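Containing compact mmCIF, C-alpha atoms: upload-v7.txt.
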```
# COMPACT_ATOMS: atom_id res chain seq x y z
CA MET A 4 -177.74 -127.50 42.37
CA LYS A 5 -179.38 -124.09 42.27
CA LYS A 6 -179.28 -121.94 39.17
CA ILE A 7 -179.43 -118.21 38.60
CA CYS A 8 -181.40 -116.88 35.63
CA VAL A 9 -179.96 -113.77 33.97
CA HIS A 10 -182.02 -112.00 31.32
CA ILE A 11 -179.93 -109.70 29.13
CA VAL A 12 -181.89 -107.27 26.97
CA ILE A 13 -179.99 -105.18 24.43
CA ARG A 14 -182.12 -102.54 22.70
CA VAL A 15 -181.12 -101.24 19.29
CA ASP A 16 -182.13 -97.65 20.10
CA GLU A 17 -179.91 -97.60 23.21
CA LEU A 18 -177.00 -99.00 21.21
CA MET A 19 -177.55 -96.40 18.49
CA GLN A 20 -177.44 -93.59 21.07
CA GLU A 21 -174.17 -94.92 22.46
CA LEU A 22 -172.71 -95.36 18.96
CA LEU A 23 -173.69 -91.79 18.10
CA LYS A 24 -171.92 -90.53 21.24
CA ARG A 25 -168.74 -92.48 20.58
CA THR A 26 -168.49 -91.65 16.89
CA SER A 27 -169.27 -87.98 17.58
CA TYR A 28 -166.43 -87.91 20.07
CA MET A 29 -164.10 -89.39 17.46
CA ALA A 30 -165.30 -86.89 14.83
CA VAL A 31 -164.46 -83.98 17.13
CA SER A 32 -160.88 -85.19 17.37
CA LEU A 33 -160.75 -85.43 13.56
CA SER A 34 -162.35 -82.05 12.89
CA PRO A 35 -160.55 -79.91 10.33
CA ASP A 36 -159.97 -76.20 10.66
CA GLU A 37 -162.64 -73.50 10.31
CA THR A 38 -162.65 -73.79 6.50
CA ALA A 39 -164.34 -77.20 6.60
CA THR A 40 -167.28 -77.68 4.29
CA GLU A 41 -170.72 -78.43 5.62
CA GLY A 42 -171.35 -82.13 6.12
CA TRP A 43 -167.70 -83.11 6.60
CA SER A 44 -168.59 -85.10 9.71
CA ASP A 45 -171.17 -87.32 7.95
CA ARG A 46 -168.39 -89.73 7.04
CA TRP A 47 -167.35 -90.15 10.68
CA ILE A 48 -170.55 -90.06 12.74
CA LEU A 49 -172.85 -93.10 12.91
CA THR A 50 -176.41 -91.75 13.03
CA GLY A 51 -179.92 -93.10 12.68
CA ASP A 52 -179.55 -92.80 8.90
CA GLU A 53 -177.35 -95.90 9.04
CA LEU A 54 -179.80 -97.85 11.19
CA LEU A 55 -180.35 -100.65 8.67
CA TRP A 56 -176.60 -101.07 8.22
CA ALA A 57 -176.06 -100.99 12.00
CA ARG A 58 -178.81 -103.58 12.62
CA ASP A 59 -177.05 -106.02 10.30
CA ARG A 60 -173.77 -105.51 12.18
CA MET A 61 -175.58 -105.93 15.51
CA GLN A 62 -177.02 -109.22 14.25
CA GLU A 63 -173.48 -110.35 13.36
CA ALA A 64 -172.32 -109.41 16.86
CA TYR A 65 -175.33 -111.24 18.37
CA ASP A 66 -174.41 -114.39 16.48
CA ARG A 67 -170.79 -114.26 17.64
CA ILE A 68 -171.73 -113.52 21.27
CA ASN A 69 -174.34 -116.27 21.14
CA GLY A 70 -171.55 -118.72 20.30
CA VAL A 71 -169.74 -117.78 23.52
CA VAL A 72 -172.77 -118.02 25.81
CA SER A 73 -174.52 -120.94 24.08
CA ALA A 74 -173.69 -123.42 26.86
CA TYR A 75 -175.56 -121.20 29.33
CA LEU A 76 -178.65 -120.37 27.25
CA SER A 77 -181.96 -121.37 28.80
CA GLU A 78 -183.59 -124.36 27.18
CA THR A 79 -186.91 -123.86 28.93
CA TYR A 80 -187.47 -120.14 28.44
CA ILE A 81 -186.96 -118.66 25.02
CA PRO A 82 -187.74 -114.94 24.94
CA PRO A 83 -190.27 -113.78 22.34
CA ILE A 84 -188.71 -112.38 19.20
CA GLN A 85 -189.02 -108.62 19.18
CA GLU A 86 -187.89 -106.21 16.54
CA ASP A 87 -185.01 -103.97 17.66
CA VAL A 88 -184.26 -106.10 20.73
CA PHE A 89 -181.57 -108.72 21.24
CA ASP A 90 -182.31 -111.11 24.13
CA PHE A 91 -180.18 -113.62 25.97
CA VAL A 92 -181.58 -115.70 28.83
CA LEU A 93 -178.68 -117.37 30.61
CA VAL A 94 -178.95 -120.03 33.29
CA LEU A 95 -175.85 -119.76 35.45
CA PRO A 96 -174.70 -121.96 38.31
CA GLU A 97 -175.11 -120.47 41.78
CA GLU A 98 -171.40 -121.03 42.40
CA LEU A 99 -170.44 -118.14 40.13
CA SER A 100 -168.68 -115.20 41.74
CA SER A 101 -170.99 -112.54 43.13
CA GLY A 102 -171.78 -109.71 40.75
CA THR A 103 -171.24 -111.87 37.70
CA ASP A 104 -174.66 -111.06 36.28
CA GLY A 105 -173.94 -107.32 36.16
CA VAL A 106 -170.51 -107.84 34.64
CA VAL A 107 -171.93 -110.20 32.03
CA LYS A 108 -174.62 -107.68 31.05
CA ARG A 109 -172.11 -104.83 30.69
CA THR A 110 -169.65 -107.01 28.79
CA VAL A 111 -172.29 -108.16 26.31
CA ARG A 112 -173.36 -104.55 25.72
CA GLU A 113 -169.75 -103.43 25.19
CA ALA A 114 -169.16 -106.33 22.80
CA PHE A 115 -172.07 -105.17 20.64
CA ILE A 116 -170.75 -101.62 20.58
CA SER A 117 -167.15 -102.53 19.83
CA TYR A 118 -168.14 -104.88 16.99
CA VAL A 119 -170.33 -102.28 15.28
CA LEU A 120 -167.61 -99.65 15.69
CA PHE A 121 -165.07 -102.07 14.21
CA CYS A 122 -167.25 -102.47 11.11
CA TRP A 123 -167.89 -98.72 10.93
CA TYR A 124 -164.21 -97.75 11.09
CA ILE A 125 -162.83 -100.55 8.88
CA ASP A 126 -162.88 -98.35 5.73
CA ARG A 127 -162.50 -95.04 7.52
CA ILE A 128 -159.79 -95.39 10.17
CA PRO A 129 -158.10 -98.81 9.93
CA ASP A 130 -156.08 -98.27 13.14
CA LYS A 131 -159.21 -97.47 15.10
CA ALA A 132 -160.96 -100.48 13.52
CA SER A 133 -158.22 -102.85 14.65
CA TYR A 134 -158.45 -101.36 18.16
CA GLN A 135 -162.22 -101.90 18.21
CA MET A 136 -161.80 -105.51 17.04
CA SER A 137 -159.29 -106.14 19.81
CA GLN A 138 -161.82 -104.63 22.26
CA PHE A 139 -164.51 -106.95 20.90
CA GLU A 140 -162.27 -110.00 21.28
CA GLU A 141 -161.27 -108.86 24.78
CA ASN A 142 -164.94 -108.57 25.72
CA LEU A 143 -165.62 -112.10 24.46
CA ASN A 144 -162.64 -113.39 26.46
CA LEU A 145 -163.81 -111.54 29.56
CA LEU A 146 -167.25 -113.08 29.07
CA ARG A 147 -165.75 -116.58 28.88
CA VAL A 148 -163.65 -115.99 31.99
CA ARG A 149 -166.56 -114.59 34.00
CA LEU A 150 -168.85 -117.46 33.04
CA ASN A 151 -166.24 -120.02 34.08
CA ARG A 152 -165.11 -118.43 37.37
CA ARG A 153 -166.55 -120.11 40.46
CA ARG A 154 -166.53 -119.34 44.18
CA VAL A 155 -165.99 -122.99 44.98
CA PRO A 156 -164.15 -125.58 42.92
CA ILE A 157 -166.15 -127.70 40.55
CA ARG A 158 -166.50 -131.20 41.97
CA ARG A 159 -166.75 -133.96 39.47
CA PRO A 160 -168.17 -137.32 40.47
CA VAL A 161 -165.53 -139.99 41.01
CA ARG A 162 -166.26 -143.57 40.17
CA PRO A 163 -165.36 -146.12 42.83
```
Kindly transcribe the structure held in the file into structure tokens.
Amino acid sequence: MKKICVHIVIRVDELMQELLKRTSYMAVSLSPDETATEGWSDRWILTGDELLWARDRMQEAYDRINGVVSAYLSETYIPPIQEDVFDFVLVLPEELSSGTDGVVKRTVREAFISYVLFCWYIDRIPDKASYQMSQFEENLNLLRVRLNRRRVPIRRPVRP
């Protein structure tokens, strides 16, 4: 049975850029009138100043995502540990639906983002935090579904 190797690389700096974009967008919708004091948006926007905090949340997300993909992790190739990079090397059966590797990569990236946003909004906007947690859980479910979907049925050996 042939296998497909999928290397997923999630860089902290790319995640931080995306988090900055998404929290900035949210801050614009929360902006007060013209009489706002300087620095009002610091509470809402996730910037590089919170990098240490964000790294810890990304590690939490990595651990939870790792639990979902653990059955597919490569046993022969373990990527070198690099600072500010989260790596997954998955070994997938060839029978998976076409395009699964791209969907898996995007879903893992979105799971990281939604988990960090959940943690960021938990004390700020509880409704938004619960939405982000539901997005995170939906991404994990989508990941499970994609990893288990096959083009051909799984054939199990039958004993005579």
Requested in this report: Provide the CA of Leu120 in chain A to CA of Leu95 in chain A distance in Å, to one decimal place.
Outcome: 29.4 Å
Requested in this report: Tell me which protein, DNA and RNA residues are within 7 Å of Val15 in chain A, counting all atoms listed in the file, leaving out same-chain ones fewer than 3 positions away, and put them as a PyMOL selection string.
Outcome: chain A and resi 18-19+87-88
Requested in this report: Measuring atom to atom with all atoms listed in the file, identify which of A:Arg162, A:Trp123, A:Leu150, A:Leu54 is nearest to Ser101 in chain A.
Outcome: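 Closest residue, counting all atoms listed in the file: A:Leu150.
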**Report entry** Closest of A:Phe115, A:Tyr124, A:Tyr80, A:Phe89 to Arg60 in chain A - atom-to-atom distances counting all atoms listed in the file
**Finding:**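 Under the stated criterion, the closest residue is A:Phe115.
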Report task. Could you tell me which of A:Leu22, A:Leu99, A:Val72, A:Ile81 comes closest to Lys5 in chain A if we count only C-alpha atoms? Result ->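 Going through A:Leu22, A:Leu99, A:Val72, A:Ile81 one by one, the smallest distance to Lys5 in chain A is for A:Leu99.
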Report task. Please provide as a list in words all residues within 12 Å of Gly70 in chain A, with the sequence filter that same-chain residues fewer than 4 positions apart are discarded (counting all atoms listed in the file). Result ->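 Listing them by chain and then by number gives Glu63, Ala64, Tyr65, Asp66, Ala74, Tyr75, Leu76, Phe91, Leu143, Leu146 and Arg147 of chain A.
Closest approach to Met29 in chain A among A:Cys8, A:Ile128, A:Val94, A:Met136: A:Ile128, based on only C-alpha atoms.
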Requested in this report: Figure out the distance between CA of Val71 in chain A and CA of Ala132 in chain A, please, to one decimal in Å.
Outcome: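 Calculated distance between CA of Ala132 in chain A and CA of Val71 in chain A is 21.8 Å.
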Need the shell around Glu113 in chain A: protein/DNA/RNA residues with any atom at most 9 Å away, counting all atoms listed in the file. Skip same-chain ones fewer than 6 positions apart. Format as a PDB file with C-alpha atoms, keeping the file's coordinate frame?
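The file below, out.pdb, is the result:
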```
ATOM      1  CA  GLN A 138    -161.820-104.630  22.260  1.00  0.00           C
ATOM      2  CA  PHE A 139    -164.510-106.950  20.900  1.00  0.00           C
ATOM      3  CA  ASN A 142    -164.940-108.570  25.720  1.00  0.00           C
TER       4      ASN A 142
END
```
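CA of Ser27 in chain A is positioned 5.4 Å from CA of Ile48 in chain A.
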**Report entry** Minimum-distance residue to Lys24 in chain A, chosen among A:Glu140, A:Ile116, A:Asp52, A:Glu86 (using only C-alpha atoms)
**Finding:**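 Among the listed residues, A:Ile116 lies closest to Lys24 in chain A.
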Report task. Compare A:Ser77, A:Arg25, A:Ala114, A:Leu55 by their minimum atom-to-atom distance to Ile13 in chain A, counting only C-alpha atoms, and give me the closest one. Result ->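 Between A:Ser77, A:Arg25, A:Ala114, A:Leu55, the residue approaching Ile13 in chain A most closely is A:Ala114.
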